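Peer 1: Dropping in query-v2.txt, which is compact mmCIF, C-alpha atoms:
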```
# COMPACT_ATOMS: atom_id res chain seq x y z
CA MET A 1 100.85 107.93 82.34
CA THR A 2 101.50 109.61 85.66
CA PRO A 3 98.51 111.00 87.58
CA HIS A 4 98.63 114.69 88.53
CA HIS A 5 96.00 114.68 91.28
CA HIS A 6 96.67 112.48 94.30
CA VAL A 7 94.97 111.30 97.48
CA SER A 8 95.63 113.36 100.62
CA GLY A 9 98.16 112.40 103.26
CA GLU A 10 95.28 111.98 105.68
CA LEU A 11 93.67 109.27 103.52
CA LEU A 12 97.04 107.56 103.02
CA THR A 13 97.66 107.48 106.78
CA ALA A 14 94.20 106.06 107.41
CA TYR A 15 94.83 103.36 104.81
CA ALA A 16 98.32 102.56 106.13
CA ALA A 17 97.13 102.43 109.73
CA GLY A 18 94.22 100.18 108.75
CA THR A 19 91.59 102.63 110.05
CA ALA A 20 90.09 103.67 106.70
CA PRO A 21 86.53 102.44 106.10
CA GLU A 22 86.37 99.83 103.37
CA ALA A 23 85.11 102.18 100.64
CA ILE A 24 87.90 104.67 101.38
CA ALA A 25 90.42 101.82 101.40
CA LEU A 26 89.11 100.75 97.99
CA PHE A 27 89.56 104.28 96.70
CA VAL A 28 93.11 104.68 98.08
CA ALA A 29 94.18 101.22 96.88
CA SER A 30 92.71 101.84 93.41
CA HIS A 31 94.50 105.16 93.05
CA ALA A 32 97.76 103.65 94.35
CA SER A 33 97.48 100.76 91.89
CA LEU A 34 97.65 103.40 89.12
CA CYS A 35 100.09 105.82 90.80
CA ALA A 36 103.71 104.89 91.55
CA ALA A 37 104.24 108.11 93.52
CA CYS A 38 101.43 107.27 95.93
CA ARG A 39 102.66 103.67 96.27
CA ALA A 40 105.97 105.15 97.43
CA ARG A 41 104.15 107.51 99.84
CA LEU A 42 102.14 104.57 101.13
CA ALA A 43 105.28 102.48 101.59
CA ALA A 44 106.67 105.31 103.75
CA GLU A 45 103.46 105.46 105.82
CA GLU A 46 103.58 101.69 106.31
CA ALA A 47 107.23 101.91 107.30
CA VAL A 48 106.09 104.23 110.12
CA GLY A 49 103.77 101.45 111.31
CA GLY A 50 106.69 99.02 111.06
CA ALA A 51 108.94 101.31 113.09
CA LEU A 52 106.26 101.63 115.78
CA LEU A 53 105.90 97.84 115.89
CA GLY A 54 109.68 97.52 116.12
CA ALA A 55 109.82 100.00 118.99
CA ILE A 56 107.68 97.79 121.26
CA ALA A 57 109.83 96.05 123.88
CA PRO A 58 109.67 92.25 123.46
CA ALA A 59 108.19 90.30 126.38
CA PRO A 60 108.04 86.59 127.21
CA LEU A 61 105.03 84.65 125.93
CA ASN A 62 104.56 81.41 127.91
CA ASP A 63 103.70 78.44 125.70
CA LEU A 64 102.65 80.29 122.54
CA LEU A 65 105.81 79.29 120.64
CA ALA A 66 105.31 75.57 121.35
CA ARG A 67 101.65 75.79 120.30
CA THR A 68 102.62 77.60 117.08
CA LEU A 69 105.49 75.19 116.24
CA ALA A 70 103.05 72.29 116.60
CA ARG A 71 100.93 73.81 113.82
CA LEU A 72 103.66 74.50 111.23
CA ASP A 73 102.80 71.42 109.17
CA GLU A 74 99.07 72.07 108.94
CA PRO A 75 97.82 72.09 105.35
CA VAL A 76 97.52 75.55 103.84
CA ALA A 77 94.86 76.92 101.52
CA PRO A 78 96.45 78.18 98.30
CA ALA A 79 96.84 81.95 97.96
CA PRO A 80 93.98 83.55 96.03
CA ALA A 81 94.61 83.98 92.31
CA PRO A 82 95.22 87.53 91.08
CA PRO A 83 92.06 89.22 89.82
CA PRO A 84 91.37 89.06 86.07
CA ARG A 85 93.16 91.79 84.13
CA HIS A 86 91.04 94.64 82.87
CA ALA A 87 91.96 97.49 80.54
CA VAL A 88 90.02 100.08 82.56
CA LEU A 89 89.24 98.78 86.06
CA PRO A 90 92.24 98.58 88.46
CA PRO A 91 93.03 95.32 90.31
CA PRO A 92 91.39 96.31 93.66
CA VAL A 93 88.08 96.93 91.86
CA MET A 94 88.44 93.72 89.83
CA ARG A 95 89.18 91.80 93.03
CA LEU A 96 85.77 92.93 94.35
CA LEU A 97 83.84 92.40 91.13
CA GLY A 98 85.52 89.27 89.79
CA GLY A 99 84.34 90.18 86.27
CA GLU A 100 82.60 92.82 84.19
CA PRO A 101 80.44 95.31 86.13
CA THR A 102 76.68 95.32 85.64
CA TRP A 103 75.81 98.72 84.21
CA ARG A 104 72.43 100.32 84.77
CA ARG A 105 71.42 103.40 82.82
CA VAL A 106 69.97 106.06 85.14
CA VAL A 107 69.71 109.02 82.76
CA PRO A 108 70.47 109.10 79.03
CA ASN A 109 74.09 110.15 79.52
CA LEU A 110 74.91 108.28 82.74
CA GLU A 111 75.30 104.60 83.60
CA ILE A 112 76.09 103.33 87.08
CA ALA A 113 77.41 100.00 88.41
CA GLU A 114 77.17 99.51 92.17
CA LEU A 115 80.07 97.90 94.01
CA PRO A 116 79.50 95.67 97.07
CA VAL A 117 81.00 98.29 99.41
CA ARG A 118 79.26 101.09 101.30
CA LEU A 119 80.21 104.25 103.14
CA ASN A 120 77.57 105.60 105.53
CA GLY A 121 75.04 103.56 103.57
CA ASN A 122 76.08 105.02 100.21
CA PRO A 123 77.34 102.33 97.84
CA ALA A 124 80.65 102.94 96.08
CA VAL A 125 79.83 103.04 92.38
CA LEU A 126 81.43 103.00 88.97
CA THR A 127 80.02 105.76 86.79
CA ARG A 128 80.14 105.99 83.00
CA LEU A 129 79.32 109.43 81.63
CA ALA A 130 78.80 109.80 77.89
CA ALA A 131 81.27 111.88 75.88
CA GLY A 132 80.55 115.59 76.18
CA SER A 133 78.34 115.24 79.30
CA VAL A 134 78.09 118.19 81.62
CA VAL A 135 77.72 117.55 85.36
CA PRO A 136 76.06 120.64 86.86
CA PRO A 137 77.70 122.50 89.76
CA HIS A 138 77.09 120.92 93.15
CA THR A 139 78.50 120.78 96.67
CA HIS A 140 78.56 117.82 99.02
CA ALA A 141 77.21 117.16 102.49
CA GLY A 142 80.39 115.13 103.07
CA TRP A 143 83.48 113.97 101.25
CA GLU A 144 83.26 112.97 97.61
CA LEU A 145 86.11 111.00 96.07
CA GLN A 146 86.25 110.40 92.35
CA LEU A 147 88.96 108.40 90.58
CA VAL A 148 89.08 108.69 86.80
CA LEU A 149 89.58 105.29 85.15
CA SER A 150 89.12 106.12 81.48
CA GLY A 151 88.45 109.22 79.42
CA GLY A 152 88.81 112.56 81.14
CA TYR A 153 87.09 115.78 82.08
CA GLN A 154 87.69 119.44 82.66
CA ALA A 155 86.48 120.74 86.03
CA ASP A 156 86.57 124.20 87.61
CA ASP A 157 89.46 122.96 89.75
CA GLY A 158 91.57 121.32 87.04
CA ARG A 159 91.88 118.63 84.39
CA PHE A 160 91.35 115.02 85.36
CA ASP A 161 92.52 111.95 83.43
CA ARG A 162 93.09 108.24 84.12
CA GLY A 163 94.52 107.73 87.61
CA ASP A 164 93.68 111.24 88.84
CA ALA A 165 91.96 111.43 92.22
CA HIS A 166 89.40 114.22 92.50
CA CYS A 167 88.72 114.74 96.20
CA ALA A 168 86.12 117.30 97.23
CA ASP A 169 85.33 118.18 100.83
CA PRO A 170 82.01 119.81 101.82
CA SER A 171 83.43 123.29 101.18
CA VAL A 172 84.04 122.63 97.48
CA SER A 173 81.46 123.46 94.85
CA HIS A 174 82.25 122.11 91.42
CA GLY A 175 80.89 120.93 88.12
CA PHE A 176 82.67 119.44 85.14
CA ARG A 177 82.51 118.70 81.41
CA VAL A 178 83.51 115.29 80.02
CA ASP A 179 85.79 115.36 76.94
CA ALA A 180 83.88 115.38 73.67
CA ASP A 181 85.73 112.41 72.16
CA ALA A 182 85.32 109.66 74.78
CA PRO A 183 83.07 108.54 77.64
CA CYS A 184 84.46 108.87 81.17
CA VAL A 185 84.50 105.94 83.60
CA SER A 186 85.17 106.75 87.28
CA LEU A 187 85.14 105.13 90.69
CA LEU A 188 82.98 107.29 92.95
CA VAL A 189 82.92 107.10 96.75
CA ARG A 190 80.63 109.47 98.64
CA GLU A 191 80.09 110.10 102.30
CA ALA A 192 76.72 111.76 101.76
CA ARG A 193 74.30 112.90 99.11
CA ILE A 194 75.35 115.68 96.78
CA ILE A 195 73.71 119.08 96.96
CA PRO A 196 72.81 120.55 93.56
CA LYS A 197 73.28 124.30 93.05
CA THR A 198 70.92 124.78 90.11
CA LEU A 199 67.46 123.67 89.02
CA ARG A 200 69.04 121.56 86.30
CA GLY A 201 71.24 119.94 88.94
CA ARG A 202 68.22 119.21 91.12
CA VAL A 203 66.52 117.46 88.22
CA PHE A 204 69.75 115.51 87.58
CA CYS A 205 69.89 114.39 91.23
CA TRP A 206 66.22 113.46 91.27
CA PHE A 207 66.74 111.21 88.24
CA THR A 208 69.98 109.65 89.37
CA GLY A 209 69.02 109.14 93.00
CA ALA A 210 72.16 111.01 94.04
CA MET B 1 122.97 89.19 102.35
CA GLY B 2 124.80 87.90 105.40
CA LEU B 3 124.84 84.17 104.77
CA ALA B 4 127.28 83.74 101.89
CA ALA B 5 127.81 79.97 102.17
CA PRO B 6 125.25 77.38 103.29
CA LEU B 7 125.87 76.46 106.92
CA GLU B 8 124.84 73.42 108.90
CA PRO B 9 121.70 74.56 110.72
CA ALA B 10 123.13 73.46 114.07
CA TYR B 11 125.98 75.96 113.74
CA VAL B 12 123.91 79.03 113.00
CA ASP B 13 123.69 81.45 115.87
CA TRP B 14 120.28 82.75 114.81
CA ALA B 15 120.24 85.49 117.43
CA SER B 16 122.92 87.37 115.47
CA VAL B 17 121.36 86.92 112.00
CA PRO B 18 119.58 89.97 110.50
CA ASP B 19 115.80 89.80 110.01
CA GLY B 20 115.98 89.57 106.22
CA ASP B 21 118.23 86.48 106.31
CA VAL B 22 116.05 84.83 108.94
CA VAL B 23 113.00 85.24 106.70
CA ARG B 24 115.00 83.95 103.73
CA ALA B 25 115.99 80.84 105.69
CA ILE B 26 112.30 80.27 106.48
CA ALA B 27 111.30 80.76 102.84
CA GLU B 28 114.06 78.73 101.22
CA ASP B 29 114.96 76.08 103.80
CA ARG B 30 111.73 75.87 105.86
CA ASP B 31 114.11 76.27 108.82
CA ARG B 32 112.23 75.86 112.11
CA GLU B 33 115.03 77.31 114.21
CA ALA B 34 114.96 80.41 112.06
CA PHE B 35 111.20 80.57 112.59
CA ALA B 36 111.64 80.19 116.37
CA GLU B 37 114.08 83.11 116.27
CA LEU B 38 111.69 85.32 114.32
CA PHE B 39 108.96 84.29 116.75
CA SER B 40 111.07 85.37 119.71
CA ARG B 41 111.73 88.73 118.05
CA TYR B 42 108.18 89.55 116.96
CA ALA B 43 105.42 87.45 118.55
CA SER B 44 105.13 89.52 121.73
CA ARG B 45 105.25 92.76 119.74
CA VAL B 46 102.48 91.49 117.49
CA ARG B 47 100.45 90.57 120.55
CA THR B 48 101.02 93.98 122.17
CA PHE B 49 99.95 95.64 118.91
CA LEU B 50 96.72 93.62 118.81
CA VAL B 51 95.86 94.27 122.45
CA ALA B 52 96.52 98.01 121.95
CA GLY B 53 94.04 97.84 119.07
CA GLY B 54 91.31 96.66 121.43
CA LEU B 55 91.46 92.88 121.02
CA ALA B 56 90.74 90.73 124.10
CA PRO B 57 93.88 88.93 125.38
CA THR B 58 92.72 85.41 124.43
CA LEU B 59 91.73 86.57 120.95
CA ALA B 60 95.08 88.39 120.69
CA ASP B 61 96.87 85.10 121.55
CA ASP B 62 94.99 83.22 118.82
CA LEU B 63 95.56 85.94 116.28
CA THR B 64 99.27 86.23 117.15
CA GLN B 65 99.56 82.53 116.40
CA GLU B 66 97.73 82.97 113.08
CA ILE B 67 99.93 85.92 112.09
CA LEU B 68 103.16 84.03 112.87
CA LEU B 69 101.83 81.01 110.95
CA GLU B 70 101.09 83.29 108.03
CA ILE B 71 104.70 84.51 108.15
CA TRP B 72 105.86 80.86 108.03
CA ARG B 73 103.56 80.02 105.13
CA ARG B 74 104.03 83.17 103.09
CA ALA B 75 107.72 83.85 103.75
CA GLU B 76 108.60 83.35 100.09
CA ARG B 77 106.33 86.26 99.22
CA TYR B 78 108.38 88.70 101.33
CA ASP B 79 110.10 91.16 98.98
CA PRO B 80 113.09 92.91 100.62
CA THR B 81 113.08 95.58 97.90
CA ARG B 82 109.61 96.73 98.94
CA ALA B 83 109.65 96.79 102.73
CA SER B 84 111.71 95.92 105.79
CA VAL B 85 110.75 92.71 107.62
CA THR B 86 109.22 94.75 110.45
CA THR B 87 107.08 96.74 108.02
CA TRP B 88 106.01 93.55 106.24
CA ILE B 89 104.95 92.03 109.57
CA PHE B 90 103.14 95.28 110.43
CA THR B 91 101.09 95.04 107.21
CA ILE B 92 100.14 91.43 108.00
CA CYS B 93 99.08 92.49 111.52
CA ARG B 94 97.05 95.34 110.06
CA SER B 95 95.17 93.04 107.68
CA ARG B 96 94.51 90.45 110.37
CA ARG B 97 93.29 93.11 112.79
CA ILE B 98 90.87 94.51 110.20
CA ASP B 99 89.71 90.95 109.61
CA ALA B 100 89.19 90.34 113.32
CA LEU B 101 87.38 93.59 114.06
CA ARG B 102 85.26 93.56 110.88
CA ARG B 103 83.10 96.48 111.88
CA GLU B 104 82.28 98.08 108.63
CA ARG B 105 84.47 96.07 106.35
CA VAL B 106 83.64 92.85 104.64
CA HIS B 107 86.46 92.78 102.11
CA LEU B 108 90.12 93.29 102.65
CA VAL B 109 91.28 95.79 100.07
CA GLU B 110 94.94 95.61 99.13
CA VAL B 111 97.03 97.60 96.73
CA GLU B 112 97.81 95.52 93.66
CA VAL B 113 99.79 97.27 90.99
CA ASP B 114 97.96 97.74 87.72
CA PRO B 115 99.81 95.63 85.12
CA GLY B 116 100.18 98.71 82.93
CA ASP B 117 101.90 100.74 85.64
CA PRO B 118 105.69 100.34 86.02
CA VAL B 119 107.52 100.64 89.35
CA PRO B 120 109.74 103.76 89.36
CA SER B 121 113.42 102.89 89.29
CA HIS B 122 114.46 105.06 92.26
CA GLU B 123 112.28 102.91 94.54
CA LEU B 124 114.10 99.70 93.65
CA GLY B 125 117.53 100.69 94.91
CA LEU B 126 116.43 101.50 98.46
CA ASP B 127 117.90 99.45 101.30
CA ARG B 128 114.73 98.92 103.30
CA GLU B 129 116.42 97.53 106.42
CA ARG B 130 118.81 100.49 106.59
CA SER B 131 115.94 102.97 106.12
CA ALA B 132 114.00 101.14 108.83
CA THR B 133 116.89 101.63 111.25
CA ALA B 134 117.03 105.35 110.41
CA LEU B 135 113.30 105.52 110.95
CA ARG B 136 113.50 103.91 114.39
CA VAL B 137 116.06 106.52 115.43
CA ALA B 138 113.87 109.35 114.12
CA LEU B 139 110.85 107.87 115.88
CA ALA B 140 112.63 107.88 119.22
CA ASP B 141 113.41 111.58 118.64
CA LEU B 142 109.84 112.65 117.90
CA PRO B 143 108.31 115.21 120.28
CA PRO B 144 106.04 113.30 122.71
CA GLU B 145 102.84 114.98 121.46
CA GLN B 146 103.58 113.81 117.91
CA ALA B 147 104.47 110.30 119.07
CA ALA B 148 101.18 110.14 121.00
CA VAL B 149 98.99 110.87 117.97
CA LEU B 150 100.92 108.33 115.84
CA ASP B 151 100.38 105.71 118.53
CA GLY B 152 96.67 106.46 118.55
CA ALA B 153 96.40 106.20 114.76
CA TYR B 154 98.57 103.17 114.11
CA PHE B 155 98.21 101.12 117.28
CA ALA B 156 94.90 101.91 118.82
CA GLY B 157 93.40 102.02 115.33
CA LYS B 158 91.63 105.28 116.09
CA SER B 159 90.39 107.87 113.67
CA MET B 160 91.69 111.43 113.90
CA SER B 161 88.44 112.60 115.50
CA GLN B 162 88.56 109.84 118.14
CA ILE B 163 92.13 110.80 119.02
CA ALA B 164 91.10 114.46 119.19
CA GLU B 165 88.26 113.65 121.57
CA GLU B 166 90.45 111.55 123.86
CA GLN B 167 93.31 114.01 124.01
CA ARG B 168 90.94 116.98 124.21
CA LEU B 169 92.42 118.64 121.17
CA PRO B 170 90.88 120.20 118.08
CA VAL B 171 90.78 117.72 115.17
CA GLY B 172 92.90 120.14 113.11
CA THR B 173 95.67 119.97 115.73
CA VAL B 174 95.68 116.17 115.68
CA LYS B 175 95.77 116.13 111.89
CA SER B 176 98.65 118.59 111.71
CA ARG B 177 100.62 116.67 114.37
CA VAL B 178 100.22 113.46 112.40
CA ARG B 179 101.33 115.22 109.21
CA LEU B 180 104.34 116.81 110.94
CA ALA B 181 105.36 113.47 112.43
CA VAL B 182 104.92 111.54 109.19
CA GLU B 183 106.83 114.21 107.26
CA ARG B 184 109.75 114.08 109.73
CA LEU B 185 109.84 110.30 109.54
CA ARG B 186 109.56 110.33 105.76
CA VAL B 187 112.64 112.56 105.55
CA ALA B 188 114.54 110.16 107.82
CA LEU B 189 113.35 107.25 105.70
CA SER B 190 114.69 108.73 102.48
CA GLY B 191 118.11 109.21 104.02
CA GLY B 192 117.72 112.84 105.08
CA ALA B 193 116.73 114.19 101.66
CA PRO B 194 113.72 116.52 102.02
```
What is this file in structure tokens?

Peer 2:
Amino acid sequence: MTPHHHVSGELLTAYAAGTAPEAIALFVASHASLCAACRARLAAEEAVGGALLGAIAPAPLNDLLARTLARLDEPVAPAPAPPPRHAVLPPPVMRLLGGEPTWRRVVPNLEIAELPVRLNGNPAVLTRLAAGSVVPPHTHAGWELQLVLSGGYQADDGRFDRGDAHCADPSVSHGFRVDADAPCVSLLVREARIIPKTLRGRVFCWFTGA
Amino acid sequence: MGLAAPLEPAYVDWASVPDGDVVRAIAEDRDREAFAELFSRYASRVRTFLVAGGLAPTLADDLTQEILLEIWRRAERYDPTRASVTTWIFTICRSRRIDALRRERVHLVEVEVDPGDPVPSHELGLDRERSATALRVALADLPPEQAAVLDGAYFAGKSMSQIAEEQRLPVGTVKSRVRLAVERLRVALSGGAP
């Protein structure tokens, strides 16, 4: 299946240039692991880095070559094994977790598993919303990035299924309804707390610690 | 590739061998002369890249050595269908620089293709070295203000807002210059097709 909602060029450039914070890098890499189009975009961004590296004029380097040649036969640690395969979680998330996530139920229709990565102190999390759940309208004090990993939902700004990246900047107010036939698992990276727009939303945030 | 028949190592004029074949000789034959050639092409560029990113010169020397050793050890993992040699080396430098700076990051996150997701066929036929050459030409033609923001992002490892502050520009201007530059280069990379 081909995702319809992608990460922005700005996030791709930050990833390619190596300047993205770890949680953002996790988000971009996870989307790209599910999206061939964004892998191609990323390859182009990395080629820009390669061209810039190639454009540097070479200069002499004293004895560095001799010192490096002397180390060619040093024993090498084996390359790390690929992460275990998972039907829902993409390889970058599995690389971090190493196994099944530890789910914690925060409200009756929502379970959360924290990942060992933070952005401005907010942990990146996996969320599992029960089938038919409604997330009340809210805005954000910063960026919110949500990657759908299984199931799907209908939001004010479109339909989101596996592989789709839902990126909301502080100007966006949205809510969404999870499909009635399946729970929805997502990777969620937030820059700041969310701001509920309704009383129901405030209660939701109070319970979930969002 | 250029080397059709196996040659006696002593007769290879490595200076005239394309990057891809040099890496292949390292991967397949563990050829030290090939490695010395690749070193002479890239080590000082790698070092310049690291210093531009804010690493102290002695640390940059150590890391340059580590990066070149990684190229020697992992040469068989280079995939010419995915990236040019220069781009591959750039991605190794990027990872090692993140590792060395380790401000906010603890883990190195890399794209690994989900086993259920196939590679699109149009990507496989690309000649990465030829595209890289086209890209270098396009890069040299970039307007200086676009080249400056790319340098800041890729080399100095700065965020858009840091670049904006330094160049006394609105963040929006920096972002749009980066996008314009990347778009121009992307067109060059795909052989002129928009």

Peer 1: Any idea what's packed within 10 Å of Arg184 of chain B, counting all atoms listed in the file, ignoring anything in its chain fewer than 3 positions away? Could you give it as a JSON list (two decimals) with C-alpha atoms, in the frame of the given file?

Peer 2:
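Produced file result21.json, reproduced below:
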```
[["chain", "number", "residue", "atom", "x", "y", "z"],
["B", 135, "LEU", "CA", 113.30, 105.52, 110.95],
["B", 138, "ALA", "CA", 113.87, 109.35, 114.12],
["B", 139, "LEU", "CA", 110.85, 107.87, 115.88],
["B", 141, "ASP", "CA", 113.41, 111.58, 118.64],
["B", 142, "LEU", "CA", 109.84, 112.65, 117.90],
["B", 178, "VAL", "CA", 100.22, 113.46, 112.40],
["B", 179, "ARG", "CA", 101.33, 115.22, 109.21],
["B", 180, "LEU", "CA", 104.34, 116.81, 110.94],
["B", 181, "ALA", "CA", 105.36, 113.47, 112.43],
["B", 187, "VAL", "CA", 112.64, 112.56, 105.55],
["B", 188, "ALA", "CA", 114.54, 110.16, 107.82],
["B", 189, "LEU", "CA", 113.35, 107.25, 105.70],
["B", 192, "GLY", "CA", 117.72, 112.84, 105.08],
["B", 194, "PRO", "CA", 113.72, 116.52, 102.02]]
```

Peer 1: Between A:Asp164, A:Glu74, A:Asp169, A:Asp179, which residue has the minimum interatomic distance to Pro3 of chain A, considering all atoms listed in the file?

Peer 2: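 When distances to Pro3 of chain A are compared using all atoms listed in the file, the smallest one comes from A:Asp164.
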
Peer 1: Which polymer residues have any atom within 10 Å of an atom of Ala100 of chain B, counting only C-alpha atoms, with same-chain residues fewer than 3 positions away left out, as a list in words?

Peer 2: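 These residues fall inside the cut-off: Leu50, Leu55, Leu59, Ala60, Leu63, Arg94, Ser95, Arg96, Arg97 and Arg103 of chain B.
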
Peer 1: Those selected residues, please, written with C-alpha atoms and delivered as an mmCIF file, in the frame of the given file.

Peer 2:
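Contents of the output file part.cif:
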```
data_model
loop_
_atom_site.group_PDB
_atom_site.id
_atom_site.type_symbol
_atom_site.label_atom_id
_atom_site.label_comp_id
_atom_site.auth_asym_id
_atom_site.auth_seq_id
_atom_site.Cartn_x
_atom_site.Cartn_y
_atom_site.Cartn_z
ATOM 1 C CA LEU B 50 96.720 93.620 118.810
ATOM 2 C CA LEU B 55 91.460 92.880 121.020
ATOM 3 C CA LEU B 59 91.730 86.570 120.950
ATOM 4 C CA ALA B 60 95.080 88.390 120.690
ATOM 5 C CA LEU B 63 95.560 85.940 116.280
ATOM 6 C CA ARG B 94 97.050 95.340 110.060
ATOM 7 C CA SER B 95 95.170 93.040 107.680
ATOM 8 C CA ARG B 96 94.510 90.450 110.370
ATOM 9 C CA ARG B 97 93.290 93.110 112.790
ATOM 10 C CA ARG B 103 83.100 96.480 111.880
#
```

Peer 1: For a quick test of understanding: name the residues of chain B lying within 6 Å of chain A when counting all atoms listed in the file, and present them as a list in words.

Peer 2: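 On the chain B side, the interface is Ser44, Arg45, Gln65, Thr86, Thr87, Phe90, Arg94, Arg105, Val109, Val111, Glu112, Val113, Asp114, Arg136, Tyr154 and Gly157 of chain B.
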
Peer 1: How many Å lie between atom CA of His140 of chain A and atom CA of Phe176 of chain A, rounded to one decimal?

Peer 2: 14.6 Å

Peer 1: Neighbours of Pro183 of chain A within 7 Å (only C-alpha atoms; same-chain residues fewer than 4 positions away dropped), as a PyMOL selection string?

Peer 2: chain A and resi 128-131+151

Peer 1: For Val23 of chain B, which residue among B:Ala153, B:Leu68, B:Leu38, B:Val171 is the nearest when counting only C-alpha atoms?

Peer 2: B:Leu38

Peer 1: Taking all atoms listed in the file into account, name the residue in A:Glu111, A:Asp157, A:Glu100, A:Glu144 that is nearest to Cys184 of chain A.

Peer 2: A:Glu111

Peer 1: Quick one: distance from atom CA of Ala132 of chain B to atom CA of Ser84 of chain B in Å, one decimal?

Peer 2: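 Between these atoms lies a distance of 6.5 Å.
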
Peer 1: Quick one: distance from atom CA of Trp143 of chain A to atom CA of Leu126 of chain A in Å, one decimal?

Peer 2: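 If I compute the distance from atom CA of Trp143 of chain A to atom CA of Leu126 of chain A, I get 16.6 Å.
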
Peer 1: So that all listed atoms of segment 77-94 of chain A fit with 3 Å spare on each side, what axis-aligned box centre and edge lengths in Å, to one decimal, would you give as AutoDock Vina command-line options?

Peer 2:
```
--center_x 92.5 --center_y 88.5 --center_z 91.0 --size_x 14.8 --size_y 29.2 --size_z 27.0
```

Peer 1: Give as number ranges by chain each residue that has an atom at most 7 Å from (78.8, 102.9, 90.4) in the file, counting all atoms listed in the file.

Peer 2: A: 112-115, 124-127, 187-188

Peer 1: Export, as a JSON list (two decimals), in the frame of the given file, the selected residues with C-alpha atoms.

Peer 2:
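Now in out-v7.json:
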```
[["chain", "number", "residue", "atom", "x", "y", "z"],
["A", 112, "ILE", "CA", 76.09, 103.33, 87.08],
["A", 113, "ALA", "CA", 77.41, 100.00, 88.41],
["A", 114, "GLU", "CA", 77.17, 99.51, 92.17],
["A", 115, "LEU", "CA", 80.07, 97.90, 94.01],
["A", 124, "ALA", "CA", 80.65, 102.94, 96.08],
["A", 125, "VAL", "CA", 79.83, 103.04, 92.38],
["A", 126, "LEU", "CA", 81.43, 103.00, 88.97],
["A", 127, "THR", "CA", 80.02, 105.76, 86.79],
["A", 187, "LEU", "CA", 85.14, 105.13, 90.69],
["A", 188, "LEU", "CA", 82.98, 107.29, 92.95]]
```

Peer 1: For the point (86.3, 110.3, 95.3) in file coordinates, what residues are within 6 Å, counting all atoms listed in the file? Give the answer as a ChimeraX atom specification?

Peer 2: /A:144-147,166-167,188-189

Peer 1: Go ahead and dump the residues you just picked, C-alpha atoms, as a compact mmCIF listing (two decimals), in the coordinates of the input.

Peer 2:
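What ended up in result.txt:
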```txt
# COMPACT_ATOMS: atom_id res chain seq x y z
CA GLU A 144 83.26 112.97 97.61
CA LEU A 145 86.11 111.00 96.07
CA GLN A 146 86.25 110.40 92.35
CA LEU A 147 88.96 108.40 90.58
CA HIS A 166 89.40 114.22 92.50
CA CYS A 167 88.72 114.74 96.20
CA LEU A 188 82.98 107.29 92.95
CA VAL A 189 82.92 107.10 96.75
```

Peer 1: Which one of B:Phe35, B:Trp72, B:Trp88, B:Phe155 sits closest to Arg128 of chain B if you count only C-alpha atoms?

Peer 2: B:Trp88

Peer 1: In terms of the shortest atom-to-atom distance over only C-alpha atoms, which of B:Glu183, B:Asp79, B:Glu145, B:Glu28 is closest to Glu129 of chain B?

Peer 2: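 For Glu129 of chain B, the nearest of the candidates is B:Asp79.
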
Peer 1: I'd like the contact shell of Ile89 of chain B - 8 Å cut-off, all atoms listed in the file, skipping same-chain residues fewer than 4 positions apart - returned as a count of residues only.

Peer 2: 4

Peer 1: Rank nothing, just name the residue among B:Ala34, B:Ala83, B:Ala164, B:Ile92 nearest to Asp127 of chain B, using all atoms listed in the file.

Peer 2: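 Once distances to Asp127 of chain B are computed over all atoms listed in the file, the minimum belongs to B:Ala83.
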